[in-house]
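A.B. asks: Dumping the structure here so I can ask a few things about it.
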Amino acid sequence: MAPWRQQLNLFFIAMGFFTRIPMPRWIEVDAEKLNQASRYFGLVGTLIGVLSALVYSLMLPWVSPSIAIIFAMIASVLLTGGFHEDGLADTADGLGGGWTVEAKLSIMKDSRLGSYGALALLLCLLLKWQLLSELALFDPSSVSLALILGHTLSRVVASSLIFSEQYVSDDASSKSKPLAMQQSINELSILLATAVISLLLISFVQALVLISGLLIVRIALARWFNKQIGGYTGDTLGATQQIAEVVCYLLLLIVGASW
């Protein structure tokens, strides 16, 4: 397979893993390629952010910014199948309701939604909507850039945990999708390059605030997950993405929404 075709294959694997967008029939998937595809998880986030921003921009002439934001959020959920939101809910249920590591992992694998998960999901979605609506008060067009940055950077933060943290093995009864469990320095470098390129869209000060804030979030969540279950699972990566996305919008609101 030609080098360019290999990279395209890896991108489509990443896209198929994170979204409901169909992959071409010629795509080859195995555990090794899934690990390598983690280099493009941030780029898939950019794609989701761009499509969500497009929905927002198309709706903006017809409805208020707050309603257009809801349509953009719906678009992102439809694109991903609520993949990360499900991870957030499962993580909240497991870490909130389990007393032992085994119990926490067992609850996280349960497809039923508990009270902790419902609360976490509701509050997270409400925070996203409110923060983006506040950003729109500065400049309605700034929401589009915030969506692109939020979806890109949050997936970079979540995916980078694969490089440094220990994967907590699921047993055969797990409902989880196959998961990238290893990440080389090459994959991490390409992943981080995606984040750097997206940060070129904003000022140096704004980029520095986002980098600092998200680095703190990454360190805090990694330590929390290690303390709770000894590493990460697919669900905790989804939770990390959702939390990091909310933090992106919060930091952008704090530093100002004028680009």
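We label chains A, B, ... in the order they appear in the structure tokens, count residues from 1 in each chain, and number ligands from 1 in the order shown.
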Report the closest atom pair, with its distance in Å rounded to one decimal, for each residue of segment 106-165 of chain A that has an atom no farther than 9 Å from segment 180-199 of chain A; count only C-alpha atoms, sort by chain and then rising residue number, and write it as CSV.
C.D. replies:
residue,atom,partner,partner_atom,distance
A:Ile148,CA,A:Ser198,CA,8.1
A:Leu149,CA,A:Ser198,CA,6.4
A:Thr152,CA,A:Ala195,CA,6.8
A:Leu153,CA,A:Ala195,CA,5.8
A:Val156,CA,A:Leu191,CA,6.2
A:Val157,CA,A:Leu192,CA,8.9
A:Ser159,CA,A:Leu191,CA,8.1
A:Ser160,CA,A:Leu188,CA,6.6
A:Ile162,CA,A:Gln183,CA,6.0
A:Phe163,CA,A:Gln183,CA,4.8
A:Ser164,CA,A:Gln183,CA,8.4
A.B. asks: May I have the residues within 12 Å of Leu123 of chain A as a PDB file with N, CA, C and O atoms, in the first residue's frame, using only C-alpha atoms and disregarding those fewer than 4 positions away in the same chain?
C.D. replies:
ATOM      1  N   GLU A  85     -20.413  11.375  24.882  1.00  0.00           N
ATOM      2  CA  GLU A  85     -21.409  11.627  25.919  1.00  0.00           C
ATOM      3  C   GLU A  85     -21.725  10.343  26.695  1.00  0.00           C
ATOM      4  O   GLU A  85     -21.911  10.373  27.915  1.00  0.00           O
ATOM      5  N   LEU A  88     -18.961   9.765  29.154  1.00  0.00           N
ATOM      6  CA  LEU A  88     -19.094  10.637  30.324  1.00  0.00           C
ATOM      7  C   LEU A  88     -20.115  10.080  31.303  1.00  0.00           C
ATOM      8  O   LEU A  88     -19.861  10.010  32.522  1.00  0.00           O
ATOM      9  N   ALA A  89     -21.278   9.675  30.784  1.00  0.00           N
ATOM     10  CA  ALA A  89     -22.332   9.145  31.645  1.00  0.00           C
ATOM     11  C   ALA A  89     -21.885   7.861  32.339  1.00  0.00           C
ATOM     12  O   ALA A  89     -22.103   7.689  33.549  1.00  0.00           O
ATOM     13  N   ALA A  92     -19.315   8.683  35.070  1.00  0.00           N
ATOM     14  CA  ALA A  92     -19.955   9.264  36.253  1.00  0.00           C
ATOM     15  C   ALA A  92     -20.674   8.196  37.069  1.00  0.00           C
ATOM     16  O   ALA A  92     -20.589   8.182  38.304  1.00  0.00           O
ATOM     17  N   TYR A 116     -26.126   9.280  38.547  1.00  0.00           N
ATOM     18  CA  TYR A 116     -24.894  10.050  38.398  1.00  0.00           C
ATOM     19  C   TYR A 116     -24.630  10.373  36.927  1.00  0.00           C
ATOM     20  O   TYR A 116     -24.239  11.496  36.577  1.00  0.00           O
ATOM     21  N   GLY A 117     -24.833   9.382  36.076  1.00  0.00           N
ATOM     22  CA  GLY A 117     -24.612   9.589  34.642  1.00  0.00           C
ATOM     23  C   GLY A 117     -25.583  10.582  34.048  1.00  0.00           C
ATOM     24  O   GLY A 117     -25.202  11.436  33.237  1.00  0.00           O
ATOM     25  N   ALA A 118     -26.847  10.488  34.453  1.00  0.00           N
ATOM     26  CA  ALA A 118     -27.864  11.409  33.936  1.00  0.00           C
ATOM     27  C   ALA A 118     -27.559  12.841  34.347  1.00  0.00           C
ATOM     28  O   ALA A 118     -27.663  13.778  33.531  1.00  0.00           O
ATOM     29  N   LEU A 119     -27.157  13.025  35.598  1.00  0.00           N
ATOM     30  CA  LEU A 119     -26.824  14.360  36.089  1.00  0.00           C
ATOM     31  C   LEU A 119     -25.602  14.925  35.361  1.00  0.00           C
ATOM     32  O   LEU A 119     -25.589  16.091  34.965  1.00  0.00           O
ATOM     33  N   LEU A 127     -24.022  23.207  30.272  1.00  0.00           N
ATOM     34  CA  LEU A 127     -22.847  24.071  30.325  1.00  0.00           C
ATOM     35  C   LEU A 127     -22.361  24.443  28.927  1.00  0.00           C
ATOM     36  O   LEU A 127     -22.020  25.602  28.662  1.00  0.00           O
ATOM     37  N   LYS A 128     -22.300  23.460  28.039  1.00  0.00           N
ATOM     38  CA  LYS A 128     -21.885  23.741  26.663  1.00  0.00           C
ATOM     39  C   LYS A 128     -22.777  24.807  26.036  1.00  0.00           C
ATOM     40  O   LYS A 128     -22.291  25.782  25.441  1.00  0.00           O
ATOM     41  N   TRP A 129     -24.081  24.605  26.156  1.00  0.00           N
ATOM     42  CA  TRP A 129     -25.034  25.538  25.540  1.00  0.00           C
ATOM     43  C   TRP A 129     -24.903  26.932  26.138  1.00  0.00           C
ATOM     44  O   TRP A 129     -24.863  27.923  25.413  1.00  0.00           O
ATOM     45  N   GLN A 130     -24.795  26.998  27.459  1.00  0.00           N
ATOM     46  CA  GLN A 130     -24.732  28.298  28.126  1.00  0.00           C
ATOM     47  C   GLN A 130     -23.431  29.033  27.799  1.00  0.00           C
ATOM     48  O   GLN A 130     -23.437  30.242  27.528  1.00  0.00           O
ATOM     49  N   LEU A 131     -22.323  28.331  27.819  1.00  0.00           N
ATOM     50  CA  LEU A 131     -21.028  28.954  27.531  1.00  0.00           C
ATOM     51  C   LEU A 131     -20.962  29.453  26.091  1.00  0.00           C
ATOM     52  O   LEU A 131     -20.483  30.566  25.822  1.00  0.00           O
ATOM     53  N   GLN A 242     -15.316  15.246  26.854  1.00  0.00           N
ATOM     54  CA  GLN A 242     -16.437  16.118  27.172  1.00  0.00           C
ATOM     55  C   GLN A 242     -16.031  17.218  28.155  1.00  0.00           C
ATOM     56  O   GLN A 242     -16.382  18.390  27.972  1.00  0.00           O
ATOM     57  N   ILE A 243     -15.283  16.855  29.174  1.00  0.00           N
ATOM     58  CA  ILE A 243     -14.841  17.841  30.160  1.00  0.00           C
ATOM     59  C   ILE A 243     -13.899  18.853  29.520  1.00  0.00           C
ATOM     60  O   ILE A 243     -14.015  20.065  29.752  1.00  0.00           O
ATOM     61  N   VAL A 246     -15.810  21.402  27.386  1.00  0.00           N
ATOM     62  CA  VAL A 246     -16.447  22.427  28.208  1.00  0.00           C
ATOM     63  C   VAL A 246     -15.408  23.438  28.700  1.00  0.00           C
ATOM     64  O   VAL A 246     -15.642  24.654  28.676  1.00  0.00           O
TER      65      VAL A 246
END
A.B. asks: Please determine, counting only C-alpha atoms, which residue among A:Tyr56, A:Trp26, A:Phe12, A:Phe41 has the shortest atom-to-atom distance to Phe71 of chain A.
C.D. replies: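 Among A:Tyr56, A:Trp26, A:Phe12, A:Phe41, it is A:Tyr56 that comes nearest to Phe71 of chain A.
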A.B. asks: Leu145 of chain A: which residues within 12 Å, counting only C-alpha atoms, same-chain residues fewer than 2 positions away excluded, as a PyMOL selection string?
C.D. replies: chain A and resi 46+49-54+56-57+132+135-136+139-143+147-153+198-202+248-249+252+257-259
A.B. asks: Could you write those residues out with C-alpha atoms, as a PDB file, in the first residue's frame?
C.D. replies:
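Just written: again_17.pdb:
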ATOM      1  CA  THR A  46     -11.641  19.170  13.578  1.00  0.00           C
ATOM      2  CA  GLY A  49     -16.153  20.856  14.735  1.00  0.00           C
ATOM      3  CA  VAL A  50     -16.237  22.199  11.170  1.00  0.00           C
ATOM      4  CA  LEU A  51     -19.482  20.371  10.358  1.00  0.00           C
ATOM      5  CA  SER A  52     -21.076  21.534  13.629  1.00  0.00           C
ATOM      6  CA  ALA A  53     -19.943  25.098  12.913  1.00  0.00           C
ATOM      7  CA  LEU A  54     -21.415  24.824   9.415  1.00  0.00           C
ATOM      8  CA  TYR A  56     -24.583  26.762  13.274  1.00  0.00           C
ATOM      9  CA  SER A  57     -23.720  29.209  10.479  1.00  0.00           C
ATOM     10  CA  LEU A 132     -21.446  29.054  23.755  1.00  0.00           C
ATOM     11  CA  LEU A 135     -19.685  33.657  23.612  1.00  0.00           C
ATOM     12  CA  ALA A 136     -22.307  34.594  21.027  1.00  0.00           C
ATOM     13  CA  ASP A 139     -19.781  38.013  18.527  1.00  0.00           C
ATOM     14  CA  PRO A 140     -22.160  35.386  17.057  1.00  0.00           C
ATOM     15  CA  SER A 141     -19.548  34.367  14.474  1.00  0.00           C
ATOM     16  CA  SER A 142     -17.028  33.526  17.224  1.00  0.00           C
ATOM     17  CA  VAL A 143     -19.069  30.443  18.125  1.00  0.00           C
ATOM     18  CA  LEU A 147     -16.724  24.776  18.099  1.00  0.00           C
ATOM     19  CA  ILE A 148     -13.757  23.906  15.892  1.00  0.00           C
ATOM     20  CA  LEU A 149     -11.249  24.538  18.672  1.00  0.00           C
ATOM     21  CA  GLY A 150     -13.334  22.764  21.300  1.00  0.00           C
ATOM     22  CA  HIS A 151     -13.875  19.603  19.282  1.00  0.00           C
ATOM     23  CA  THR A 152     -10.265  19.458  18.105  1.00  0.00           C
ATOM     24  CA  LEU A 153      -8.397  20.228  21.323  1.00  0.00           C
ATOM     25  CA  SER A 198      -5.747  24.761  15.316  1.00  0.00           C
ATOM     26  CA  LEU A 199      -4.289  27.175  17.888  1.00  0.00           C
ATOM     27  CA  LEU A 200      -2.878  29.304  15.065  1.00  0.00           C
ATOM     28  CA  LEU A 201      -6.451  30.502  14.533  1.00  0.00           C
ATOM     29  CA  ILE A 202      -6.337  32.558  17.731  1.00  0.00           C
ATOM     30  CA  CYS A 248     -12.235  25.079  26.122  1.00  0.00           C
ATOM     31  CA  TYR A 249     -15.449  27.076  25.866  1.00  0.00           C
ATOM     32  CA  LEU A 252     -12.401  31.176  25.511  1.00  0.00           C
ATOM     33  CA  ALA A 257     -14.471  36.165  22.258  1.00  0.00           C
ATOM     34  CA  SER A 258     -13.141  38.769  19.814  1.00  0.00           C
ATOM     35  CA  TRP A 259     -10.893  37.238  17.172  1.00  0.00           C
TER      36      TRP A 259
END
A.B. asks: DSSP on the backbone, then: every residue of segment 165-252 of chain A marked helix (DSSP H, G or I), written as a ChimeraX atom specification.
C.D. replies: /A:185-199,204-229,234-252
A.B. asks: To one decimal place, how far is atom CA of Leu34 of chain A from atom CA of Met108 of chain A in Å?
C.D. replies: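 Taking atom CA of Leu34 of chain A as the start and atom CA of Met108 of chain A as the end point, the length is 22.5 Å.
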A.B. asks: Residues of segment 119-180 of chain A that have any atom at most 7 Å from an atom of segment 219-235 of chain A: could you tabulate them with the shortest-distance atom pair and the distance in Å to one decimal, using only C-alpha atoms, ordered by chain and increasing number, as CSV?
C.D. replies:
residue,atom,partner,partner_atom,distance
A:Glu165,CA,A:Gly231,CA,5.9
A:Gln166,CA,A:Gly231,CA,4.7
A:Tyr167,CA,A:Tyr232,CA,5.1
A:Val168,CA,A:Gly231,CA,5.6
A:Leu179,CA,A:Gly234,CA,6.6
A.B. asks: What separation in Å, quoted to one decimal, exists between atom CA of Gln241 of chain A and atom CA of Val209 of chain A?
C.D. replies: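 Distance between the two atoms: 17.9 Å.
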A.B. asks: Hey, which of A:Thr91, A:Val205, A:Ala68, A:Leu47 ends up closest to Phe18 of chain A? Count only C-alpha atoms.
C.D. replies: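 Looking at the shortest contact to Phe18 of chain A, the residue is A:Leu47.
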A.B. asks: Of the candidates A:Tyr40, A:Leu78, A:Met73, A:Ala120, which one gets nearest to Asp90 of chain A if we count only C-alpha atoms?
C.D. replies: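 Ranking A:Tyr40, A:Leu78, A:Met73, A:Ala120 by distance to Asp90 of chain A, first place goes to A:Ala120.
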